[in-house]
Each structure stands twice: as structure tokens, then as C-alpha cells.
Amino acid sequence: DRVVRRLHGLSPIAGTDVDALLRNLGCRTLIVTGVSANVAVPAAVFDAVNLGYTAVVPADAIAGVPADYTAAMIRNTLALVATVTTADAVLDCFERARSRR
């Protein structure tokens, strides 16, 4: 595991060494999950896209308050800049990639 500290700001990417670390690992796609659909998830997606990554958001793997806000954020904002899918679909992609090895 790698730990990258965020000392300020709202984004898990901006102001950290995450971009340099991911590029050194050859990463081109970020799967963004977690809390909160109100701030951290959209900030991570926007930063990822602005840095040239493909952003993938499993809609059933993010949450916000109030609960109905999450669906609205996905539909009206995140779907415009990211690939919206499900956690099962992401896991299926990993499984198919693993079976090709």
C-alpha cells in the first residue's frame, strides 16, 4: 500500500503526489469510489480528467448526503465527464483481465 498525505484542500488529488505516483505506475484510468458525492468524489473526478486520466465511477460505490443527491450528482454532473458503471461491472473487467494472463 502507498500512503499519500493531503495537507490541505478538498481534493484527494490536487496538492498531493498522487498524480506523479500514478503516472510512475503507468496508470491511465482512475476508478473513483467513496464518500462524499457532495465534495470529494466530484473533486477527484474533475482533477483526474483535467490531468488526462479516464475517470470511472461505479455509481453503487459512492455516497452522499442527502441520499437522493448522489443520484442527481451522478446523472447531472459526473456522467458528463466520467464513465458511470457499477462495482460489479468493474470487478468483471478485472476478472476478465486476470483470466487473459
# chains A, B, ... in the order shown; residues from 1 in each chain; ligands from 1

call {"tool": "residues_around", "arguments": {"residues": "Ala72 in chain A", "least_positions_apart": "5", "cutoff": "12 Å", "atoms": "only C-alpha atoms", "output": "VMD selection string"}}
result
chain A and resid 37 to 38 59 63 to 67 77 to 79

call {"tool": "select_by_dssp", "arguments": {"residues": "chain A", "states": "strand (DSSP E or B)", "output": "list in words"}}
result
Thr29, Leu30, Ile31, Gly34, Val35, Thr54, Ala55, Val56, Val57, Pro58, Ile62, Ala63, Thr83, Val84 and Thr85 of chain A

call {"tool": "write_last_selection", "arguments": {"atoms": "N, CA, C and O atoms", "output": "PDB file, in the first residue's frame"}}
result
ATOM      1  N   THR A  29      -6.208   5.132 -15.974  1.00  0.00           N
ATOM      2  CA  THR A  29      -7.618   5.154 -15.608  1.00  0.00           C
ATOM      3  C   THR A  29      -7.739   5.145 -14.092  1.00  0.00           C
ATOM      4  O   THR A  29      -7.066   4.369 -13.422  1.00  0.00           O
ATOM      5  N   LEU A  30      -8.615   6.009 -13.561  1.00  0.00           N
ATOM      6  CA  LEU A  30      -8.871   6.032 -12.129  1.00  0.00           C
ATOM      7  C   LEU A  30     -10.310   5.612 -11.874  1.00  0.00           C
ATOM      8  O   LEU A  30     -11.229   6.131 -12.496  1.00  0.00           O
ATOM      9  N   ILE A  31     -10.480   4.685 -10.973  1.00  0.00           N
ATOM     10  CA  ILE A  31     -11.804   4.271 -10.522  1.00  0.00           C
ATOM     11  C   ILE A  31     -12.048   5.009  -9.223  1.00  0.00           C
ATOM     12  O   ILE A  31     -11.349   4.784  -8.231  1.00  0.00           O
ATOM     13  N   GLY A  34     -16.220   6.019  -2.996  1.00  0.00           N
ATOM     14  CA  GLY A  34     -16.157   6.528  -1.631  1.00  0.00           C
ATOM     15  C   GLY A  34     -17.157   7.607  -1.323  1.00  0.00           C
ATOM     16  O   GLY A  34     -18.169   7.765  -1.981  1.00  0.00           O
ATOM     17  N   VAL A  35     -16.809   8.364  -0.285  1.00  0.00           N
ATOM     18  CA  VAL A  35     -17.646   9.430   0.239  1.00  0.00           C
ATOM     19  C   VAL A  35     -16.810  10.691   0.136  1.00  0.00           C
ATOM     20  O   VAL A  35     -15.617  10.668   0.430  1.00  0.00           O
ATOM     21  N   THR A  54      -8.645   8.760 -17.577  1.00  0.00           N
ATOM     22  CA  THR A  54     -10.023   8.356 -17.783  1.00  0.00           C
ATOM     23  C   THR A  54     -10.594   8.087 -16.401  1.00  0.00           C
ATOM     24  O   THR A  54     -10.009   7.321 -15.628  1.00  0.00           O
ATOM     25  N   ALA A  55     -11.715   8.705 -16.070  1.00  0.00           N
ATOM     26  CA  ALA A  55     -12.341   8.512 -14.769  1.00  0.00           C
ATOM     27  C   ALA A  55     -13.514   7.552 -14.901  1.00  0.00           C
ATOM     28  O   ALA A  55     -14.333   7.686 -15.815  1.00  0.00           O
ATOM     29  N   VAL A  56     -13.585   6.593 -13.999  1.00  0.00           N
ATOM     30  CA  VAL A  56     -14.673   5.621 -13.946  1.00  0.00           C
ATOM     31  C   VAL A  56     -15.308   5.735 -12.568  1.00  0.00           C
ATOM     32  O   VAL A  56     -14.604   5.709 -11.555  1.00  0.00           O
ATOM     33  N   VAL A  57     -16.631   5.858 -12.547  1.00  0.00           N
ATOM     34  CA  VAL A  57     -17.354   5.976 -11.278  1.00  0.00           C
ATOM     35  C   VAL A  57     -18.375   4.849 -11.169  1.00  0.00           C
ATOM     36  O   VAL A  57     -19.368   4.847 -11.887  1.00  0.00           O
ATOM     37  N   PRO A  58     -18.135   3.874 -10.284  1.00  0.00           N
ATOM     38  CA  PRO A  58     -19.162   2.872 -10.009  1.00  0.00           C
ATOM     39  C   PRO A  58     -20.252   3.541  -9.156  1.00  0.00           C
ATOM     40  O   PRO A  58     -20.019   3.876  -7.994  1.00  0.00           O
ATOM     41  N   ILE A  62     -20.413   4.952  -4.370  1.00  0.00           N
ATOM     42  CA  ILE A  62     -20.225   6.291  -3.820  1.00  0.00           C
ATOM     43  C   ILE A  62     -21.471   6.643  -3.010  1.00  0.00           C
ATOM     44  O   ILE A  62     -22.542   6.066  -3.209  1.00  0.00           O
ATOM     45  N   ALA A  63     -21.315   7.592  -2.098  1.00  0.00           N
ATOM     46  CA  ALA A  63     -22.442   8.005  -1.264  1.00  0.00           C
ATOM     47  C   ALA A  63     -22.324   9.484  -0.949  1.00  0.00           C
ATOM     48  O   ALA A  63     -21.234  10.055  -0.968  1.00  0.00           O
ATOM     49  N   THR A  83     -16.993   7.805 -16.992  1.00  0.00           N
ATOM     50  CA  THR A  83     -17.754   6.608 -17.331  1.00  0.00           C
ATOM     51  C   THR A  83     -18.442   6.139 -16.058  1.00  0.00           C
ATOM     52  O   THR A  83     -17.773   5.843 -15.072  1.00  0.00           O
ATOM     53  N   VAL A  84     -19.763   6.102 -16.084  1.00  0.00           N
ATOM     54  CA  VAL A  84     -20.528   5.661 -14.921  1.00  0.00           C
ATOM     55  C   VAL A  84     -20.923   4.210 -15.141  1.00  0.00           C
ATOM     56  O   VAL A  84     -21.429   3.842 -16.204  1.00  0.00           O
ATOM     57  N   THR A  85     -20.678   3.387 -14.145  1.00  0.00           N
ATOM     58  CA  THR A  85     -20.925   1.955 -14.239  1.00  0.00           C
ATOM     59  C   THR A  85     -21.313   1.432 -12.863  1.00  0.00           C
ATOM     60  O   THR A  85     -21.710   2.208 -11.998  1.00  0.00           O
TER      61      THR A  85
END

call {"tool": "residues_around", "arguments": {"residues": "Arg23 in chain A", "least_positions_apart": "5", "cutoff": "12 Å", "atoms": "only C-alpha atoms", "output": "count of residues only"}}
result
9

call {"tool": "select_by_dssp", "arguments": {"residues": "chain A", "states": "helix (DSSP H, G or I)", "output": "number ranges by chain"}}
result
A: 18-24, 40-50, 59-61, 67-81, 87-99

call {"tool": "closest_residue", "arguments": {"among": "A:Val39, A:Ile13, A:Ala61, A:Val32", "to": "Thr86 in chain A", "atoms": "only C-alpha atoms"}}
result
A:Ala61
